[in-house]
Amino acid sequence: MNSNKENLTLNAEAKNYSKVNSHWHLSFLRLKKNRYGMFGFYSVIFIFLLAIFAEFLSPHSYKKTYPDKLYYPPQALHFIDNEGNFHLRPFVYDLVEEMDMETFEFTFTESEEMIPVYFFIRGDEYSFFGIKSNIRLFGNTNGMIHILGTDNMGRDILSRMLIGTQITLLFAMIAVFASLILGLIVGISSGYYGGTYDLIAQRVTEFALSFPAYPLYFALVALLPRRADETVVFVLFAGIIVLLNWASIAREIRGKTFLVRNLEFVRAARALGASRSRIMIQHIFPNTLSHVIVWTSFTIPSIILVETFLSFLGVGVQHPMVSWGVMLNQVLDIQSFAYAPWMMAPVGMIIFTVLAFNAFGDGIRDAVDPYAVTK
């Protein structure tokens, strides 16, 4: 009886030990010790939360225009008024537009009118995963609050930048995961089957890798129908990115498959009669996950930069969709930049997002490496 209890205790301890010391648990513990990696981890979560709740966080509809507020400068939040009185509720001052009769330049000065900022206020209606709502985090009933100013059409820049986060991240995720699926299929099958199939697959992969990226981007984007629906252009644009990005991960996964396919557990599964598809999905694919996660975390920022660059030139995401590149497309000339430098606000989000994903990818790369030394 005592021996049975001891055996049960030993089995329970063995299960707990294997659970605590699993590869992914140890990787997470190493990641927690990496401050730079954890900064990237929390920053990436913050960026995704901004994208998910973009409409709720936006004080205005990203499509709404204010014709009397073209190039409206940012309004600073205040808690202390001009007379030195403290207010619990934040407020902004209304801006008065004036024109210099000598230089004919428009300037904005703060008036004495205080505009209070209300939270959880009813505003423009939006859809949140199919649910209609008009509750926004902050704003004012008269629509006079523009924390980051307005653009050349009187649209709120903060609202458009938050929606741009949503569109840019969605584009990057679609392009990266589609490239990943295609690359995994070609890479794992090529590395496992070998022979003639591997020879043909690798020649196709090398053919895709041999193209110079940006000239081919421009050539393929030029073929997109300009008068098509913006959603169609969005999907076709993502497809072009996929065509030029699947080959790199396919080549890397093929090398990983070569290392795994002759290991003991794969040979044992083959000897027990497991099908090739079962071996590739259940035995080889899980052993490539760490590499896949690292590749994904480093590829997403590069796709964001590509989309931003092409949309900035006017050949990527099209209006009325709004992305960071589409917003920067409105500041193509020096005159617009000099007159309304706040329209460059998406640059800050681009830099922050790229740094966050790179930091997270660097932390993940060190965490999944069992020989990495975490400082």
# chains A, B, ... in the order shown; residues from 1 in each chain; ligands from 1
>>> select_by_dssp(residues="range 60-177 of chain A", states="helix (DSSP H, G or I)", output="short mmCIF file (atom, residue, chain, number, x, y, z; two decimals) with C-alpha atoms, in the first residue's frame")
data_model
loop_
_atom_site.label_atom_id
_atom_site.label_comp_id
_atom_site.auth_asym_id
_atom_site.auth_seq_id
_atom_site.Cartn_x
_atom_site.Cartn_y
_atom_site.Cartn_z
CA ILE A 157 -5.16 63.31 -36.79
CA LEU A 158 -5.27 61.34 -33.53
CA SER A 159 -8.39 59.47 -34.64
CA ARG A 160 -6.93 58.73 -38.06
CA MET A 161 -3.62 57.61 -36.58
CA LEU A 162 -5.38 55.13 -34.26
CA ILE A 163 -7.40 53.70 -37.15
CA GLY A 164 -4.19 53.68 -39.19
CA THR A 165 -2.65 51.49 -36.48
CA GLN A 166 -5.51 49.06 -37.02
CA ILE A 167 -5.17 48.97 -40.81
CA THR A 168 -1.36 48.84 -40.88
CA LEU A 169 -1.18 46.04 -38.31
CA LEU A 170 -3.95 44.10 -40.06
CA PHE A 171 -2.06 44.38 -43.34
CA ALA A 172 1.20 43.25 -41.75
CA MET A 173 -0.45 40.30 -39.98
CA ILE A 174 -2.22 39.11 -43.13
CA ALA A 175 0.92 39.37 -45.25
CA VAL A 176 3.19 37.74 -42.66
CA PHE A 177 0.90 34.82 -41.80
#
>>> residues_around(residues="Met99 in chain A", least_positions_apart="6", cutoff="12 Å", atoms="only C-alpha atoms", output="tab-separated table (two decimals) with N, CA and C atoms, in the first residue's frame")
chain	number	residue	atom	x	y	z
A	105	GLU	N	0.31	84.89	-43.57
A	105	GLU	CA	0.42	83.60	-42.90
A	105	GLU	C	-0.63	83.52	-41.78
A	106	PHE	N	-1.19	82.32	-41.61
A	106	PHE	CA	-2.19	82.10	-40.58
A	106	PHE	C	-1.51	81.63	-39.30
A	107	THR	N	-1.92	82.20	-38.20
A	107	THR	CA	-1.40	81.79	-36.89
A	107	THR	C	-2.57	81.48	-35.97
A	108	PHE	N	-2.32	80.63	-34.98
A	108	PHE	CA	-3.35	80.24	-34.02
A	108	PHE	C	-2.90	80.62	-32.63
A	109	THR	N	-3.78	81.24	-31.88
A	109	THR	CA	-3.51	81.60	-30.50
A	109	THR	C	-4.63	81.08	-29.62
>>> residues_around(residues="range 229-239 of chain A", least_positions_apart="6", cutoff="12 Å", atoms="only C-alpha atoms", output="number ranges by chain")
A: 167-179, 182, 217-223, 245-246, 303-304, 306-307, 310-311, 315-323
>>> write_last_selection(atoms="C-alpha atoms", output="PDB file, in the first residue's frame")
ATOM      1  CA  ILE A 167      -5.168  48.974 -40.813  1.00  0.00           C
ATOM      2  CA  THR A 168      -1.358  48.837 -40.876  1.00  0.00           C
ATOM      3  CA  LEU A 169      -1.178  46.035 -38.305  1.00  0.00           C
ATOM      4  CA  LEU A 170      -3.948  44.096 -40.064  1.00  0.00           C
ATOM      5  CA  PHE A 171      -2.059  44.381 -43.344  1.00  0.00           C
ATOM      6  CA  ALA A 172       1.202  43.245 -41.746  1.00  0.00           C
ATOM      7  CA  MET A 173      -0.453  40.295 -39.979  1.00  0.00           C
ATOM      8  CA  ILE A 174      -2.224  39.108 -43.130  1.00  0.00           C
ATOM      9  CA  ALA A 175       0.921  39.372 -45.251  1.00  0.00           C
ATOM     10  CA  VAL A 176       3.187  37.738 -42.655  1.00  0.00           C
ATOM     11  CA  PHE A 177       0.901  34.818 -41.803  1.00  0.00           C
ATOM     12  CA  ALA A 178       0.065  34.108 -45.437  1.00  0.00           C
ATOM     13  CA  SER A 179       3.808  34.131 -46.234  1.00  0.00           C
ATOM     14  CA  LEU A 182       3.109  29.131 -47.795  1.00  0.00           C
ATOM     15  CA  TYR A 217       7.046  45.928 -55.823  1.00  0.00           C
ATOM     16  CA  PHE A 218       6.601  48.922 -58.088  1.00  0.00           C
ATOM     17  CA  ALA A 219       6.139  46.740 -61.168  1.00  0.00           C
ATOM     18  CA  LEU A 220       3.460  44.570 -59.547  1.00  0.00           C
ATOM     19  CA  VAL A 221       1.706  47.429 -57.766  1.00  0.00           C
ATOM     20  CA  ALA A 222       1.459  49.261 -61.104  1.00  0.00           C
ATOM     21  CA  LEU A 223      -0.734  46.403 -62.314  1.00  0.00           C
ATOM     22  CA  ASN A 245       8.352  37.100 -48.695  1.00  0.00           C
ATOM     23  CA  TRP A 246       7.467  33.388 -48.515  1.00  0.00           C
ATOM     24  CA  ILE A 303       6.331  44.557 -43.670  1.00  0.00           C
ATOM     25  CA  ILE A 304       5.059  47.635 -41.799  1.00  0.00           C
ATOM     26  CA  VAL A 306       7.258  48.369 -46.776  1.00  0.00           C
ATOM     27  CA  GLU A 307       3.534  49.158 -46.565  1.00  0.00           C
ATOM     28  CA  LEU A 310       4.607  52.318 -50.735  1.00  0.00           C
ATOM     29  CA  SER A 311       1.454  53.939 -49.328  1.00  0.00           C
ATOM     30  CA  VAL A 315       0.884  53.042 -54.685  1.00  0.00           C
ATOM     31  CA  GLY A 316      -0.122  51.031 -51.597  1.00  0.00           C
ATOM     32  CA  VAL A 317      -3.260  51.240 -49.479  1.00  0.00           C
ATOM     33  CA  GLN A 318      -5.785  53.537 -51.128  1.00  0.00           C
ATOM     34  CA  HIS A 319      -8.325  56.051 -49.840  1.00  0.00           C
ATOM     35  CA  PRO A 320     -10.768  56.005 -48.107  1.00  0.00           C
ATOM     36  CA  MET A 321      -8.789  53.412 -46.120  1.00  0.00           C
ATOM     37  CA  VAL A 322      -6.310  55.063 -43.810  1.00  0.00           C
ATOM     38  CA  SER A 323      -2.917  53.714 -42.805  1.00  0.00           C
TER      39      SER A 323
END
>>> closest_residue(among="A:Glu55, A:Asp362, A:Glu206, A:Asp68", to="Ile249 in chain A", atoms="only C-alpha atoms")
A:Glu206
>>> residues_around(residues="range 30-35 of chain A", least_positions_apart="3", cutoff="6 Å", atoms="only C-alpha atoms", output="PyMOL selection string")
chain A and resi 27+38+363+367
>>> write_last_selection(atoms="C-alpha atoms", output="PDB file, in the first residue's frame")
ATOM      1  CA  SER A  27      11.951  30.115 -22.597  1.00  0.00           C
ATOM      2  CA  MET A  38      10.034  42.457 -21.866  1.00  0.00           C
ATOM      3  CA  GLY A 363      14.168  38.847 -26.580  1.00  0.00           C
ATOM      4  CA  ALA A 367      14.799  33.086 -24.879  1.00  0.00           C
TER       5      ALA A 367
END
>>> select_by_dssp(residues="range 23-271 of chain A", states="strand (DSSP E)", output="ChimeraX atom specification")
/A:78-80,86-99,106-116,118-128,131-139
>>> residues_around(residues="range 136-139 of chain A", least_positions_apart="3", cutoff="8 Å", atoms="only C-alpha atoms", output="PyMOL selection string")
chain A and resi 55-60+117-123+143+145
>>> write_last_selection(atoms="C-alpha atoms", output="compact mmCIF listing (two decimals), in the first residue's frame")
# COMPACT_ATOMS: atom_id res chain seq x y z
CA GLU A 55 -12.57 53.40 -32.56
CA PHE A 56 -13.30 53.58 -28.83
CA LEU A 57 -10.08 55.49 -28.15
CA SER A 58 -10.65 57.93 -31.03
CA PRO A 59 -12.41 61.17 -30.05
CA HIS A 60 -13.85 61.57 -33.57
CA VAL A 117 -12.69 66.99 -21.70
CA TYR A 118 -15.40 64.44 -20.86
CA PHE A 119 -14.80 60.71 -20.57
CA PHE A 120 -17.00 57.89 -21.87
CA ILE A 121 -18.94 60.38 -23.94
CA ARG A 122 -21.37 59.67 -26.76
CA GLY A 123 -19.98 60.59 -30.16
CA GLY A 143 -16.19 68.32 -31.30
CA ILE A 145 -10.94 68.80 -29.09
>>> atom_distance(atom1="CA of Met114 in chain A", atom2="CA of Ile135 in chain A")
22.8 Å
>>> atom_distance(atom1="CA of Ala359 in chain A", atom2="CA of Phe41 in chain A")
7.7 Å
>>> atom_distance(atom1="CA of Phe211 in chain A", atom2="CA of Ala247 in chain A")
11.1 Å
>>> residues_around(residues="Tyr93 in chain A", least_positions_apart="5", cutoff="8 Å", atoms="only C-alpha atoms", output="PyMOL selection string")
chain A and resi 75-76+110-115
